[in-house]
$ cat coords.cif   # mmCIF, C-alpha atoms
data_target
#
loop_
_atom_site.label_atom_id
_atom_site.label_comp_id
_atom_site.auth_asym_id
_atom_site.auth_seq_id
_atom_site.Cartn_x
_atom_site.Cartn_y
_atom_site.Cartn_z
CA MET A 1 21.87 64.77 -52.35
CA LYS A 2 23.11 64.12 -48.78
CA ALA A 3 26.19 61.96 -48.29
CA PRO A 4 25.36 58.47 -46.98
CA TRP A 5 28.31 58.42 -44.58
CA PRO A 6 29.23 60.75 -41.72
CA ALA A 7 32.19 63.06 -42.21
CA GLY A 8 35.38 61.02 -42.07
CA GLY A 9 34.08 57.52 -42.71
CA LEU A 10 31.49 54.90 -41.81
CA TYR A 11 29.02 54.95 -38.99
CA ASP A 12 30.08 53.31 -35.73
CA ILE A 13 27.94 50.47 -34.43
CA GLY A 14 24.92 51.90 -32.67
CA GLN A 15 25.66 55.45 -33.80
CA THR A 16 22.75 57.73 -34.67
CA ARG A 17 22.41 57.62 -38.43
CA TYR A 18 21.50 60.36 -40.86
CA LYS A 19 17.72 61.00 -40.96
CA GLU A 20 17.04 58.32 -38.35
CA ARG A 21 15.75 58.64 -34.78
CA ARG A 22 18.16 59.63 -32.03
CA ALA A 23 16.99 56.83 -29.71
CA VAL A 24 19.23 54.05 -31.00
CA GLY A 25 18.12 51.52 -28.38
CA THR A 26 20.27 49.27 -26.23
CA TRP A 27 23.18 47.47 -27.84
CA GLY A 28 24.86 44.39 -26.46
CA TYR A 29 25.93 40.83 -27.15
CA ASP A 30 23.73 38.00 -28.34
CA CYS A 31 24.27 35.39 -25.63
CA ILE A 32 23.84 31.80 -26.83
CA GLY A 33 24.65 29.98 -23.61
CA MET A 34 27.32 29.45 -20.98
CA PHE A 35 30.46 27.31 -21.03
CA ARG A 36 30.01 24.46 -18.53
CA SER A 37 33.08 22.38 -19.38
CA TYR A 38 36.41 22.68 -21.12
CA GLN A 39 35.11 20.29 -23.74
CA GLU A 40 32.40 22.79 -24.65
CA ILE A 41 35.05 25.49 -24.93
CA ASN A 42 37.16 23.36 -27.25
CA GLU A 43 34.16 22.49 -29.42
CA TYR A 44 33.07 26.14 -29.63
CA PHE A 45 36.52 27.37 -30.65
CA ASP A 46 36.88 24.59 -33.23
CA LYS A 47 33.39 24.87 -34.72
CA HIS A 48 33.49 28.65 -35.14
CA SER A 49 37.24 29.00 -35.75
CA ILE A 50 37.57 31.39 -32.83
CA THR A 51 40.98 33.00 -32.45
CA THR A 52 40.19 35.63 -29.81
CA TYR A 53 37.31 35.67 -27.34
CA MET A 54 36.61 39.01 -25.64
CA GLY A 55 40.32 39.76 -25.79
CA LEU A 56 41.26 36.34 -24.37
CA LYS A 57 43.14 33.37 -25.79
CA GLN A 58 41.47 29.99 -25.57
CA SER A 59 43.68 29.04 -22.62
CA ASP A 60 42.20 31.98 -20.68
CA VAL A 61 38.57 31.01 -21.32
CA HIS A 62 36.96 28.93 -18.56
CA PRO A 63 33.68 27.25 -17.64
CA GLY A 64 31.35 29.78 -16.08
CA MET A 65 31.80 32.34 -18.85
CA LEU A 66 28.89 33.36 -21.05
CA ILE A 67 29.02 32.50 -24.76
CA TYR A 68 28.54 35.34 -27.23
CA ARG A 69 27.78 34.95 -30.90
CA ASP A 70 30.25 35.95 -33.58
CA ILE A 71 28.31 38.40 -35.76
CA ARG A 72 30.66 40.32 -38.03
CA GLY A 73 33.93 40.15 -39.86
CA ALA A 74 36.53 42.78 -40.61
CA ARG A 75 35.52 46.31 -41.45
CA GLY A 76 35.86 47.59 -44.98
CA THR A 77 36.61 51.05 -46.24
CA VAL A 78 34.00 53.42 -47.63
CA ALA A 79 35.20 52.50 -51.12
CA THR A 80 34.99 48.72 -50.66
CA VAL A 81 31.59 48.94 -48.94
CA THR A 82 30.25 51.15 -51.69
CA GLU A 83 31.53 48.84 -54.41
CA ASN A 84 30.38 45.60 -52.74
CA PRO A 85 27.39 46.47 -50.53
CA HIS A 86 26.11 42.87 -50.53
CA LEU A 87 29.23 41.74 -48.63
CA TYR A 88 28.93 44.26 -45.82
CA ASP A 89 26.32 45.16 -43.20
CA GLU A 90 24.94 48.63 -42.53
CA TRP A 91 27.98 49.48 -40.38
CA GLY A 92 30.53 48.51 -43.00
CA TYR A 93 31.57 45.16 -41.50
CA GLU A 94 31.76 41.91 -43.43
CA LYS A 95 28.60 39.89 -42.94
CA LYS A 96 30.66 36.73 -42.52
CA PRO A 97 31.97 36.14 -38.93
CA ASP A 98 35.73 36.35 -38.53
CA GLY A 99 36.40 34.25 -35.43
CA ILE A 100 37.00 37.28 -33.21
CA ILE A 101 34.48 38.07 -30.49
CA ASN A 102 34.71 41.71 -29.42
CA GLU A 103 32.69 44.93 -29.15
CA TYR A 104 32.13 44.94 -32.91
CA ASP A 105 29.85 41.91 -32.53
CA MET A 106 27.21 43.80 -30.58
CA VAL A 107 23.63 43.91 -31.87
CA LYS A 108 20.56 45.90 -30.99
CA ILE A 109 18.86 43.95 -28.21
CA ASP A 110 16.21 46.51 -27.33
CA ASN A 111 14.75 49.21 -29.54
CA ARG A 112 14.06 51.97 -27.03
CA GLY A 113 12.48 50.66 -23.85
CA ASN A 114 8.76 50.69 -23.21
CA PHE A 115 6.80 52.74 -25.72
CA CYS A 116 3.22 51.99 -24.63
CA ASN A 117 1.88 53.58 -21.46
CA PHE A 118 -1.54 53.51 -19.85
CA SER A 119 -2.88 55.11 -16.68
CA MET A 120 -6.23 54.53 -15.03
CA ASN A 121 -7.80 56.53 -12.25
CA PHE A 122 -10.37 54.86 -10.04
CA GLY A 123 -12.45 55.70 -7.02
CA GLY A 124 -15.56 54.95 -5.01
CA SER A 125 -17.42 55.64 -1.81
CA TYR A 126 -19.56 53.95 0.83
CA LYS A 127 -22.52 55.80 2.31
CA ASN A 128 -20.59 59.04 1.91
CA VAL A 129 -18.53 58.02 4.93
CA PHE A 130 -15.65 56.11 3.37
CA THR A 131 -14.17 57.17 0.02
CA PHE A 132 -11.14 56.04 -1.91
CA SER A 133 -9.33 56.98 -5.10
CA GLY A 134 -6.11 55.99 -6.78
CA GLN A 135 -4.12 55.56 -9.96
CA ILE A 136 -2.75 52.45 -11.68
CA GLY A 137 0.01 52.80 -14.27
CA VAL A 138 0.94 50.21 -16.88
CA SER A 139 3.86 50.31 -19.32
CA TRP A 140 4.89 47.73 -21.93
CA GLY A 141 6.49 47.17 -25.31
CA GLY A 142 10.19 47.00 -24.45
CA TYR A 143 12.78 45.39 -22.22
CA ASN A 144 14.91 46.15 -19.20
CA PHE A 145 18.20 44.66 -18.06
CA VAL A 146 19.57 43.48 -14.76
CA PRO A 147 21.57 46.52 -13.54
CA ALA A 148 25.28 46.37 -14.31
CA ASN A 149 26.29 46.74 -10.66
CA ALA A 150 24.14 43.70 -9.79
CA ARG A 151 25.91 41.53 -12.39
CA GLY A 152 29.23 41.84 -10.55
CA THR A 153 31.21 44.34 -8.51
CA GLN A 154 33.93 46.64 -9.72
CA ASN A 155 36.62 45.04 -7.56
CA LEU A 156 35.81 41.69 -9.17
CA VAL A 157 36.15 43.25 -12.61
CA ASN A 158 39.53 44.77 -11.82
CA ASN A 159 40.87 42.04 -9.53
CA ASN A 160 40.07 38.77 -11.23
CA THR A 161 41.35 36.59 -8.33
CA GLY A 162 38.32 34.53 -7.44
CA TYR A 163 36.09 34.16 -4.43
CA GLU A 164 37.82 36.23 -1.75
CA GLU A 165 35.90 39.38 -2.67
CA MET A 166 32.55 37.55 -2.66
CA GLN A 167 32.95 36.98 1.07
CA THR A 168 33.04 40.70 1.78
CA VAL A 169 30.66 42.15 -0.85
CA ASN A 170 26.87 42.07 -0.60
CA MET A 171 25.47 40.46 -3.73
CA PRO A 172 21.86 39.99 -4.96
CA VAL A 173 20.12 36.82 -3.82
CA PHE A 174 19.98 35.28 -7.30
CA TRP A 175 23.74 34.63 -7.15
CA LYS A 176 22.99 31.69 -4.85
CA ASP A 177 22.39 29.77 -8.08
CA MET A 178 25.78 30.62 -9.57
CA PHE A 179 27.58 28.07 -11.74
CA ILE A 180 30.68 26.71 -9.99
CA TYR A 181 32.81 24.28 -11.96
CA GLU A 182 34.43 22.48 -9.03
CA ASP A 183 34.70 22.66 -5.25
CA VAL A 184 36.65 25.62 -3.92
CA TYR A 185 38.88 25.20 -0.85
CA ASP A 186 40.69 27.76 1.26
CA GLY A 187 44.36 27.66 2.15
CA TYR A 188 43.64 25.34 5.08
CA GLY A 189 41.84 22.75 2.98
CA ASN A 190 38.37 23.75 4.12
CA LEU A 191 35.57 23.60 1.57
CA THR A 192 34.35 27.17 1.15
CA THR A 193 32.27 26.93 -2.03
CA PRO A 194 30.79 23.64 -3.22
CA ALA A 195 30.54 22.87 -6.93
CA ASN A 196 27.28 23.79 -8.62
CA PRO A 197 27.47 22.48 -12.21
CA GLY A 198 23.77 23.10 -12.78
CA GLY A 199 23.89 26.76 -11.73
CA LYS A 200 21.84 29.16 -13.82
CA TYR A 201 24.05 32.25 -13.50
CA PRO A 202 27.63 32.69 -14.75
CA ASN A 203 30.57 32.64 -12.40
CA LEU A 204 31.43 35.89 -10.65
CA ARG A 205 35.11 35.14 -11.03
CA TYR A 206 34.83 36.12 -14.70
CA THR A 207 32.81 39.29 -14.31
CA SER A 208 34.98 41.10 -16.86
CA VAL A 209 33.34 38.90 -19.52
CA ASN A 210 29.96 38.13 -17.96
CA ASN A 211 29.13 41.67 -16.87
CA LYS A 212 28.66 42.89 -20.44
CA THR A 213 25.20 43.98 -21.52
CA SER A 214 23.73 41.01 -23.34
CA THR A 215 20.54 39.12 -23.99
CA PHE A 216 21.36 36.93 -20.97
CA TRP A 217 20.54 39.84 -18.63
CA LYS A 218 17.45 40.89 -20.57
CA VAL A 219 14.14 40.95 -18.67
CA SER A 220 10.63 42.01 -19.55
CA GLY A 221 10.04 45.74 -19.49
CA PHE A 222 6.38 45.32 -18.58
CA THR A 223 5.41 47.22 -15.44
CA ALA A 224 2.10 47.47 -13.63
CA ALA A 225 1.94 49.41 -10.41
CA LEU A 226 -0.43 51.09 -8.01
CA ARG A 227 1.06 54.56 -8.12
CA ASN A 228 -1.00 56.16 -5.40
CA ILE A 229 -4.13 55.67 -3.35
CA THR A 230 -6.10 57.97 -1.08
CA LEU A 231 -8.39 56.71 1.67
CA ALA A 232 -10.77 59.15 3.35
CA TYR A 233 -13.15 58.96 6.29
CA ASN A 234 -15.85 61.55 6.98
CA LEU A 235 -16.65 61.79 10.65
CA PRO A 236 -20.45 61.51 11.18
CA PRO A 237 -21.99 64.99 11.69
CA GLU A 238 -23.52 64.03 15.02
CA LEU A 239 -20.05 63.38 16.37
CA SER A 240 -18.21 66.33 14.85
CA GLN A 241 -20.89 68.85 15.85
CA VAL A 242 -20.53 67.85 19.48
CA VAL A 243 -17.19 69.65 19.54
CA GLY A 244 -18.38 72.55 17.38
CA ILE A 245 -17.07 71.30 14.06
CA GLU A 246 -19.36 71.27 11.06
CA ASN A 247 -17.38 68.66 9.17
CA CYS A 248 -14.25 66.56 9.80
CA ARG A 249 -12.50 64.54 7.09
CA LEU A 250 -9.46 62.33 7.61
CA ASN A 251 -7.27 61.53 4.58
CA LEU A 252 -4.49 59.00 4.15
CA THR A 253 -2.52 59.19 0.88
CA ILE A 254 0.11 56.63 -0.08
CA GLN A 255 2.44 57.18 -3.04
CA ASN A 256 4.45 54.46 -4.82
CA VAL A 257 2.27 51.81 -3.22
CA LEU A 258 3.26 48.53 -4.88
CA SER A 259 4.18 46.70 -8.08
CA PHE A 260 1.97 43.95 -9.46
CA TYR A 261 4.69 42.37 -11.61
CA ASN A 262 8.40 41.81 -11.00
CA PRO A 263 10.52 40.33 -13.82
CA TYR A 264 13.88 40.49 -12.03
CA PRO A 265 15.62 37.29 -10.86
CA LYS A 266 14.39 36.22 -7.42
CA LYS A 267 12.68 39.65 -7.25
CA PHE A 268 15.93 41.07 -5.87
CA ILE A 269 14.73 44.61 -6.66
CA ASP A 270 11.35 46.20 -7.10
CA PRO A 271 10.75 47.65 -10.59
CA MET A 272 9.70 50.91 -8.94
CA SER A 273 13.15 51.28 -7.35
CA GLY A 274 16.70 51.42 -8.54
CA TYR A 275 19.65 49.29 -7.46
CA GLY A 276 22.76 50.56 -5.77
CA SER A 277 21.24 53.97 -5.14
CA TYR A 278 18.67 55.45 -2.80
CA PRO A 279 15.41 53.60 -3.52
CA THR A 280 12.11 55.16 -4.48
CA GLN A 281 10.34 56.00 -1.26
CA ARG A 282 6.85 54.92 -0.33
CA ILE A 283 5.35 58.12 1.07
CA PHE A 284 2.51 58.23 3.59
CA THR A 285 0.65 61.50 4.08
CA LEU A 286 -2.03 61.96 6.73
CA GLY A 287 -4.30 64.97 6.47
CA VAL A 288 -7.22 66.42 8.34
CA ASN A 289 -9.83 68.77 6.82
CA LEU A 290 -11.94 70.72 9.27
CA SER A 291 -14.96 72.95 8.55
CA PHE A 292 -16.26 75.22 11.30
#
$ encode --input "coords.cif" --output "structure tokens"
Amino acid sequence: MKAPWPAGGLYDIGQTRYKERRAVGTWGYDCIGMFRSYQEINEYFDKHSITTYMGLKQSDVHPGMLIYRDIRGARGTVATVTENPHLYDEWGYEKKPDGIINEYDMVKIDNRGNFCNFSMNFGGSYKNVFTFSGQIGVSWGGYNFVPANARGTQNLVNNNTGYEEMQTVNMPVFWKDMFIYEDVYDGYGNLTTPANPGGKYPNLRYTSVNNKTSTFWKVSGFTAALRNITLAYNLPPELSQVVGIENCRLNLTIQNVLSFYNPYPKKFIDPMSGYGSYPTQRIFTLGVNLSF
């Protein structure tokens, strides 16, 4: 009989388990909202008996931070988990929340990305003069996430000083709808950032909390795209034979043509491309086939 635990203790959260698939999915926090006032913060801490939130004391938690759910309590030993399995989850943590929000409260928020794929080839012709062919690809069944480097920049994570960096860093367009608790003024008393209490997205000032992978940044993994298309034109024989050519065929092939569906906020990136790296190129190829 195989031991139920790995050598040395319990499984870590999200760790590949004995006799289970290697693809453990995406793990992150279960986001249940965003703090929009200090009253909400006080109520949240009181209701759930929170003592530490993402390594912060209550005095360091501010409106504009995402709210994560308290999932687990303290971790038991192999002995205590074995003796009282009904009190612990599959990772060896108490099922009852403990008032501490940290990395041990992560849950599986996506199994393994899209697992259903479908491709369709199509084509046609008109009077044997114009022809076309192409391929459509569809994928579904999972989820994607807004890229980490689009949720906030590294200098904002490391230098939690406020809005100075936002004036010098290019950010995705969806950040125009960022929550801002109150008007922000510069050192000369000029209004630089007006309050936006109804903003949809968390405040970039607190990227160290808001940047975490969570259900807040979860988007549909469904993709549908025209992968490639080829258009061809056969020159009429009476024209090609004038110059001594039996047949002339012109071909235009386009790869990575377009996406039919974009789940990302404000469509700030195309699903066929990445973010923060060299994008997927749309390639045009023109060819000529000659028969003498």
$ residues_around --input "coords.cif" --residues "Pro263 in chain A" --least-positions-apart "4" --cutoff "12 Å" --atoms "all atoms listed in the file" --output "number ranges by chain"
A: 143-146, 217-224, 259, 267-272
$ write_last_selection --input "coords.cif" --atoms "C-alpha atoms" --output "compact mmCIF listing (two decimals), in the frame of the given file"
# COMPACT_ATOMS: atom_id res chain seq x y z
CA TYR A 143 12.78 45.39 -22.22
CA ASN A 144 14.91 46.15 -19.20
CA PHE A 145 18.20 44.66 -18.06
CA VAL A 146 19.57 43.48 -14.76
CA TRP A 217 20.54 39.84 -18.63
CA LYS A 218 17.45 40.89 -20.57
CA VAL A 219 14.14 40.95 -18.67
CA SER A 220 10.63 42.01 -19.55
CA GLY A 221 10.04 45.74 -19.49
CA PHE A 222 6.38 45.32 -18.58
CA THR A 223 5.41 47.22 -15.44
CA ALA A 224 2.10 47.47 -13.63
CA SER A 259 4.18 46.70 -8.08
CA LYS A 267 12.68 39.65 -7.25
CA PHE A 268 15.93 41.07 -5.87
CA ILE A 269 14.73 44.61 -6.66
CA ASP A 270 11.35 46.20 -7.10
CA PRO A 271 10.75 47.65 -10.59
CA MET A 272 9.70 50.91 -8.94
$ resolve_selection --input "coords.cif" --expression "the PyMOL selection byres ((chain A and resi 91) around 8)" --output "ChimeraX atom specification"
/A:10-13,88-90,92-93
$ atom_distance --input "coords.cif" --atom1 "CA of Gln255 in chain A" --atom2 "CA of Phe284 in chain A"
6.7 Å
$ resolve_selection --input "coords.cif" --expression "the PyMOL selection byres ((chain A and resi 125-141) around 8)" --output "ChimeraX atom specification"
/A:113-124,142-143,221-236
$ atom_distance --input "coords.cif" --atom1 "CA of Pro279 in chain A" --atom2 "CA of Thr253 in chain A"
19.3 Å
$ closest_atom_pairs --input "coords.cif" --of "range 172-265 of chain A" --to "range 47-56 of chain A" --cutoff "12 Å" --atoms "all atoms listed in the file" --output "CSV"
residue,atom,partner,partner_atom,distance
A:Tyr206,CA,A:Met54,CA,11.5
A:Thr207,CA,A:Met54,CA,12.0
A:Ser208,CA,A:Met54,CA,9.2
A:Val209,CA,A:Met54,CA,6.9
A:Asn210,CA,A:Met54,CA,10.2
A:Asn211,CA,A:Met54,CA,11.8
A:Lys212,CA,A:Met54,CA,10.3
$ closest_residue --input "coords.cif" --among "A:Asn190, A:Asn196, A:Thr26, A:Asn262" --to "Val107 in chain A" --atoms "all atoms listed in the file"
A:Thr26
$ decode --input "coords.cif" --residues "range 117-137 of chain A" --atoms "C-alpha atoms" --output "compact mmCIF listing (two decimals), in the first residue's frame"
# COMPACT_ATOMS: atom_id res chain seq x y z
CA ASN A 117 -10.58 22.30 -29.50
CA PHE A 118 -12.14 22.34 -32.93
CA SER A 119 -10.76 23.28 -36.34
CA MET A 120 -12.66 23.66 -39.58
CA ASN A 121 -11.24 24.00 -43.06
CA PHE A 122 -13.32 25.70 -45.72
CA GLY A 123 -12.99 26.72 -49.33
CA GLY A 124 -14.76 27.55 -52.55
CA SER A 125 -14.35 28.86 -56.06
CA TYR A 126 -16.06 31.04 -58.65
CA LYS A 127 -15.97 30.03 -62.31
CA ASN A 128 -12.54 28.52 -61.72
CA VAL A 129 -11.15 32.06 -61.71
CA PHE A 130 -11.35 33.02 -58.04
CA THR A 131 -10.72 30.44 -55.29
CA PHE A 132 -10.38 30.73 -51.56
CA SER A 133 -9.59 28.47 -48.62
CA GLY A 134 -8.95 28.92 -44.94
CA GLN A 135 -9.08 27.53 -41.44
CA ILE A 136 -11.12 28.55 -38.39
CA GLY A 137 -10.03 27.40 -34.94
